[in-house]
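Q: File work.cif follows (mmCIF, C-alpha atoms):
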data_query
loop_
_atom_site.group_PDB
_atom_site.id
_atom_site.type_symbol
_atom_site.label_atom_id
_atom_site.label_comp_id
_atom_site.auth_asym_id
_atom_site.auth_seq_id
_atom_site.Cartn_x
_atom_site.Cartn_y
_atom_site.Cartn_z
ATOM 1 C CA MET A 19 19.529 3.971 32.435
ATOM 2 C CA ASP A 20 21.997 2.372 34.845
ATOM 3 C CA ARG A 21 25.642 2.865 33.790
ATOM 4 C CA ASN A 22 26.512 -0.816 34.323
ATOM 5 C CA VAL A 23 23.657 -1.876 32.026
ATOM 6 C CA GLU A 24 24.935 0.479 29.321
ATOM 7 C CA LEU A 25 28.447 -0.983 29.577
ATOM 8 C CA ARG A 26 27.114 -4.537 29.338
ATOM 9 C CA LYS A 27 25.241 -3.632 26.145
ATOM 10 C CA LEU A 28 28.566 -2.699 24.512
ATOM 11 C CA LEU A 29 29.910 -6.229 25.029
ATOM 12 C CA ARG A 30 27.643 -8.601 23.130
ATOM 13 C CA ARG A 31 29.398 -11.924 23.728
ATOM 14 C CA PRO A 32 32.834 -13.484 24.112
ATOM 15 C CA LEU A 33 34.135 -15.304 21.035
ATOM 16 C CA GLN A 34 35.707 -18.713 21.471
ATOM 17 C CA THR A 35 37.566 -20.075 18.496
ATOM 18 C CA GLU A 36 40.788 -22.068 18.298
ATOM 19 C CA LYS A 37 42.687 -18.885 17.484
ATOM 20 C CA SER A 38 41.134 -16.850 20.313
ATOM 21 C CA VAL A 39 41.868 -19.582 22.877
ATOM 22 C CA LEU A 40 45.511 -19.634 21.741
ATOM 23 C CA GLN A 41 45.699 -15.845 22.050
ATOM 24 C CA MET A 42 44.146 -16.064 25.506
ATOM 25 C CA GLU A 43 46.744 -18.581 26.686
ATOM 26 C CA GLU A 44 49.851 -17.122 25.011
ATOM 27 C CA GLN A 45 49.224 -13.356 24.907
ATOM 28 C CA ASN A 46 46.541 -12.814 27.602
ATOM 29 C CA THR A 47 44.244 -11.412 24.871
ATOM 30 C CA TYR A 48 40.473 -11.952 24.974
ATOM 31 C CA VAL A 49 38.118 -11.611 21.998
ATOM 32 C CA PHE A 50 34.589 -10.148 22.177
ATOM 33 C CA GLU A 51 31.815 -9.282 19.772
ATOM 34 C CA VAL A 52 30.935 -5.678 20.589
ATOM 35 C CA ALA A 53 28.280 -3.189 19.530
ATOM 36 C CA PRO A 54 29.013 -1.707 16.080
ATOM 37 C CA HIS A 55 29.062 1.851 17.460
ATOM 38 C CA ALA A 56 31.495 1.062 20.330
ATOM 39 C CA ASN A 57 34.946 2.626 20.202
ATOM 40 C CA LYS A 58 38.183 1.465 21.850
ATOM 41 C CA ILE A 59 37.856 3.778 24.844
ATOM 42 C CA GLU A 60 34.324 2.570 25.629
ATOM 43 C CA VAL A 61 35.330 -1.093 25.269
ATOM 44 C CA LYS A 62 38.311 -0.573 27.605
ATOM 45 C CA ARG A 63 36.155 1.184 30.196
ATOM 46 C CA ALA A 64 33.497 -1.541 30.000
ATOM 47 C CA ILE A 65 35.988 -4.410 30.473
ATOM 48 C CA GLU A 66 37.752 -2.666 33.359
ATOM 49 C CA GLU A 67 34.543 -1.822 35.221
ATOM 50 C CA ILE A 68 32.671 -5.090 34.664
ATOM 51 C CA PHE A 69 35.539 -7.524 35.296
ATOM 52 C CA ASP A 70 37.769 -5.377 37.575
ATOM 53 C CA VAL A 71 40.970 -5.934 35.550
ATOM 54 C CA GLU A 72 43.555 -3.641 33.960
ATOM 55 C CA VAL A 73 43.409 -3.372 30.171
ATOM 56 C CA ILE A 74 46.665 -2.657 28.339
ATOM 57 C CA ALA A 75 45.411 -2.459 24.738
ATOM 58 C CA VAL A 76 42.219 -2.741 22.681
ATOM 59 C CA ARG A 77 42.127 -3.492 18.966
ATOM 60 C CA THR A 78 38.854 -3.353 17.045
ATOM 61 C CA MET A 79 37.857 -4.456 13.583
ATOM 62 C CA LYS A 80 34.700 -4.626 11.519
ATOM 63 C CA MET A 81 33.875 -8.093 10.233
ATOM 64 C CA LYS A 82 31.982 -8.032 6.961
ATOM 65 C CA GLY A 83 28.916 -10.275 6.789
ATOM 66 C CA LYS A 84 29.267 -13.427 4.704
ATOM 67 C CA TRP A 85 27.147 -14.179 1.664
ATOM 68 C CA LYS A 86 24.749 -17.075 2.278
ATOM 69 C CA ARG A 87 22.172 -18.766 0.106
ATOM 70 C CA LEU A 88 19.091 -20.818 0.802
ATOM 71 C CA GLY A 89 18.050 -22.535 -2.411
ATOM 72 C CA ARG A 90 17.687 -19.862 -5.052
ATOM 73 C CA PHE A 91 17.645 -16.994 -2.532
ATOM 74 C CA VAL A 92 20.890 -15.181 -1.784
ATOM 75 C CA GLY A 93 21.415 -12.931 1.201
ATOM 76 C CA ARG A 94 24.071 -11.533 3.450
ATOM 77 C CA ARG A 95 24.639 -11.991 7.160
ATOM 78 C CA PRO A 96 24.964 -8.764 9.137
ATOM 79 C CA THR A 97 28.279 -6.954 9.533
ATOM 80 C CA TRP A 98 29.582 -7.010 13.119
ATOM 81 C CA LYS A 99 32.449 -5.615 15.177
ATOM 82 C CA LYS A 100 35.146 -7.576 17.009
ATOM 83 C CA ALA A 101 37.414 -6.350 19.814
ATOM 84 C CA LEU A 102 40.689 -7.919 20.959
ATOM 85 C CA VAL A 103 41.409 -6.914 24.548
ATOM 86 C CA THR A 104 44.901 -7.412 26.010
ATOM 87 C CA LEU A 105 45.053 -7.564 29.808
ATOM 88 C CA LYS A 106 47.884 -6.864 32.244
ATOM 89 C CA LYS A 107 50.024 -9.904 33.027
ATOM 90 C CA GLY A 108 48.409 -11.925 35.810
ATOM 91 C CA ASP A 109 44.845 -10.686 35.170
ATOM 92 C CA THR A 110 42.225 -13.100 33.854
ATOM 93 C CA LEU A 111 38.507 -12.959 33.138
ATOM 94 C CA GLU A 112 36.280 -15.223 35.260
ATOM 95 C CA LEU A 113 33.966 -16.119 32.389
ATOM 96 C CA TYR A 114 36.780 -18.209 30.888
ATOM 97 C CA GLU A 115 37.825 -20.006 34.088
ATOM 98 C CA ASN A 116 35.701 -23.154 33.608
ATOM 99 C CA VAL A 117 36.147 -23.499 29.859
#
Before anything else, please render the file you have as structure tokens.
A:
Amino acid sequence: MDRNVELRKLLRRPLQTEKSVLQMEEQNTYVFEVAPHANKIEVKRAIEEIFDVEVIAVRTMKMKGKWKRLGRFVGRRPTWKKALVTLKKGDTLELYENV
């Protein structure tokens, strides 16, 4: 498998919430949903190679799935992993340029 395809599979999608947009503007920190098996080193390598930027720090956390119900049936959404990526001052990611 192509290395670039493997790196793109680690990053599932960017997360855009009010809090993440504030972090992006004030601290140059971007938030992504990543594969549950991804570690900080892999996330850093993926961001640097895909977007050609310098990553200063990566923080990861597991987000527990929320309980949901549909009528009398109760279930749980899947657990997922979130990564907060801090970039060097002056670097930005192009996927956020037109937001």
Q: Do you know which residues the PyMOL selection byres ((chain A and resi 68) around 12) returns on this file, as a PyMOL selection string?
A: chain A and resi 21-29+60-67+69-73+111-113
Q: Write out, as a PDB file, in the frame of the given file, the residues just selected, with C-alpha atoms.
A:
ATOM      1  CA  ARG A  21      25.642   2.865  33.790  1.00  0.00           C
ATOM      2  CA  ASN A  22      26.512  -0.816  34.323  1.00  0.00           C
ATOM      3  CA  VAL A  23      23.657  -1.876  32.026  1.00  0.00           C
ATOM      4  CA  GLU A  24      24.935   0.479  29.321  1.00  0.00           C
ATOM      5  CA  LEU A  25      28.447  -0.983  29.577  1.00  0.00           C
ATOM      6  CA  ARG A  26      27.114  -4.537  29.338  1.00  0.00           C
ATOM      7  CA  LYS A  27      25.241  -3.632  26.145  1.00  0.00           C
ATOM      8  CA  LEU A  28      28.566  -2.699  24.512  1.00  0.00           C
ATOM      9  CA  LEU A  29      29.910  -6.229  25.029  1.00  0.00           C
ATOM     10  CA  GLU A  60      34.324   2.570  25.629  1.00  0.00           C
ATOM     11  CA  VAL A  61      35.330  -1.093  25.269  1.00  0.00           C
ATOM     12  CA  LYS A  62      38.311  -0.573  27.605  1.00  0.00           C
ATOM     13  CA  ARG A  63      36.155   1.184  30.196  1.00  0.00           C
ATOM     14  CA  ALA A  64      33.497  -1.541  30.000  1.00  0.00           C
ATOM     15  CA  ILE A  65      35.988  -4.410  30.473  1.00  0.00           C
ATOM     16  CA  GLU A  66      37.752  -2.666  33.359  1.00  0.00           C
ATOM     17  CA  GLU A  67      34.543  -1.822  35.221  1.00  0.00           C
ATOM     18  CA  PHE A  69      35.539  -7.524  35.296  1.00  0.00           C
ATOM     19  CA  ASP A  70      37.769  -5.377  37.575  1.00  0.00           C
ATOM     20  CA  VAL A  71      40.970  -5.934  35.550  1.00  0.00           C
ATOM     21  CA  GLU A  72      43.555  -3.641  33.960  1.00  0.00           C
ATOM     22  CA  VAL A  73      43.409  -3.372  30.171  1.00  0.00           C
ATOM     23  CA  LEU A 111      38.507 -12.959  33.138  1.00  0.00           C
ATOM     24  CA  GLU A 112      36.280 -15.223  35.260  1.00  0.00           C
ATOM     25  CA  LEU A 113      33.966 -16.119  32.389  1.00  0.00           C
TER      26      LEU A 113
END
Q: Might you spell out which residues the PyMOL selection byres ((chain A and resi 41-51) around 8) would select in the displayed file, as a list of chain:residue names?
A: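 Evaluating the PyMOL selection byres ((chain A and resi 41-51) around 8) on this file yields A:Leu29, A:Arg30, A:Arg31, A:Pro32, A:Leu33, A:Gln34, A:Lys37, A:Ser38, A:Val39, A:Leu40, A:Val52, A:Ala53, A:Trp98, A:Lys99, A:Lys100, A:Ala101, A:Leu102, A:Val103, A:Thr104, A:Leu105, A:Lys106, A:Lys107, A:Thr110.
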Q: Given the selection you just returned, output its residues as a file containing C-alpha atoms, formatted as a tab-separated table (two decimals), in the coordinates of the input.
A:
chain	number	residue	atom	x	y	z
A	29	LEU	CA	29.91	-6.23	25.03
A	30	ARG	CA	27.64	-8.60	23.13
A	31	ARG	CA	29.40	-11.92	23.73
A	32	PRO	CA	32.83	-13.48	24.11
A	33	LEU	CA	34.14	-15.30	21.04
A	34	GLN	CA	35.71	-18.71	21.47
A	37	LYS	CA	42.69	-18.89	17.48
A	38	SER	CA	41.13	-16.85	20.31
A	39	VAL	CA	41.87	-19.58	22.88
A	40	LEU	CA	45.51	-19.63	21.74
A	52	VAL	CA	30.94	-5.68	20.59
A	53	ALA	CA	28.28	-3.19	19.53
A	98	TRP	CA	29.58	-7.01	13.12
A	99	LYS	CA	32.45	-5.62	15.18
A	100	LYS	CA	35.15	-7.58	17.01
A	101	ALA	CA	37.41	-6.35	19.81
A	102	LEU	CA	40.69	-7.92	20.96
A	103	VAL	CA	41.41	-6.91	24.55
A	104	THR	CA	44.90	-7.41	26.01
A	105	LEU	CA	45.05	-7.56	29.81
A	106	LYS	CA	47.88	-6.86	32.24
A	107	LYS	CA	50.02	-9.90	33.03
A	110	THR	CA	42.22	-13.10	33.85
Q: Grab the CA of Lys58 in chain A to CA of Thr78 in chain A distance for me, in Å with one decimal place.
A: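 Atom-to-atom, CA of Lys58 in chain A to CA of Thr78 in chain A, that is 6.8 Å.
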Q: For the point (26.4, -5.3, 6.3) in file coordinates, what residues are within 6 Å, counting only C-alpha atoms? Give the answer as a list in words?
A: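 All residues meeting the 6 Å criterion around (26.4, -5.3, 6.3) are Gly83, Pro96 and Thr97 of chain A.
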Q: Please indicate the distance in Å from CA of Thr35 in chain A to CA of His55 in chain A, rounded to one decimal place.
A: 23.5 Å
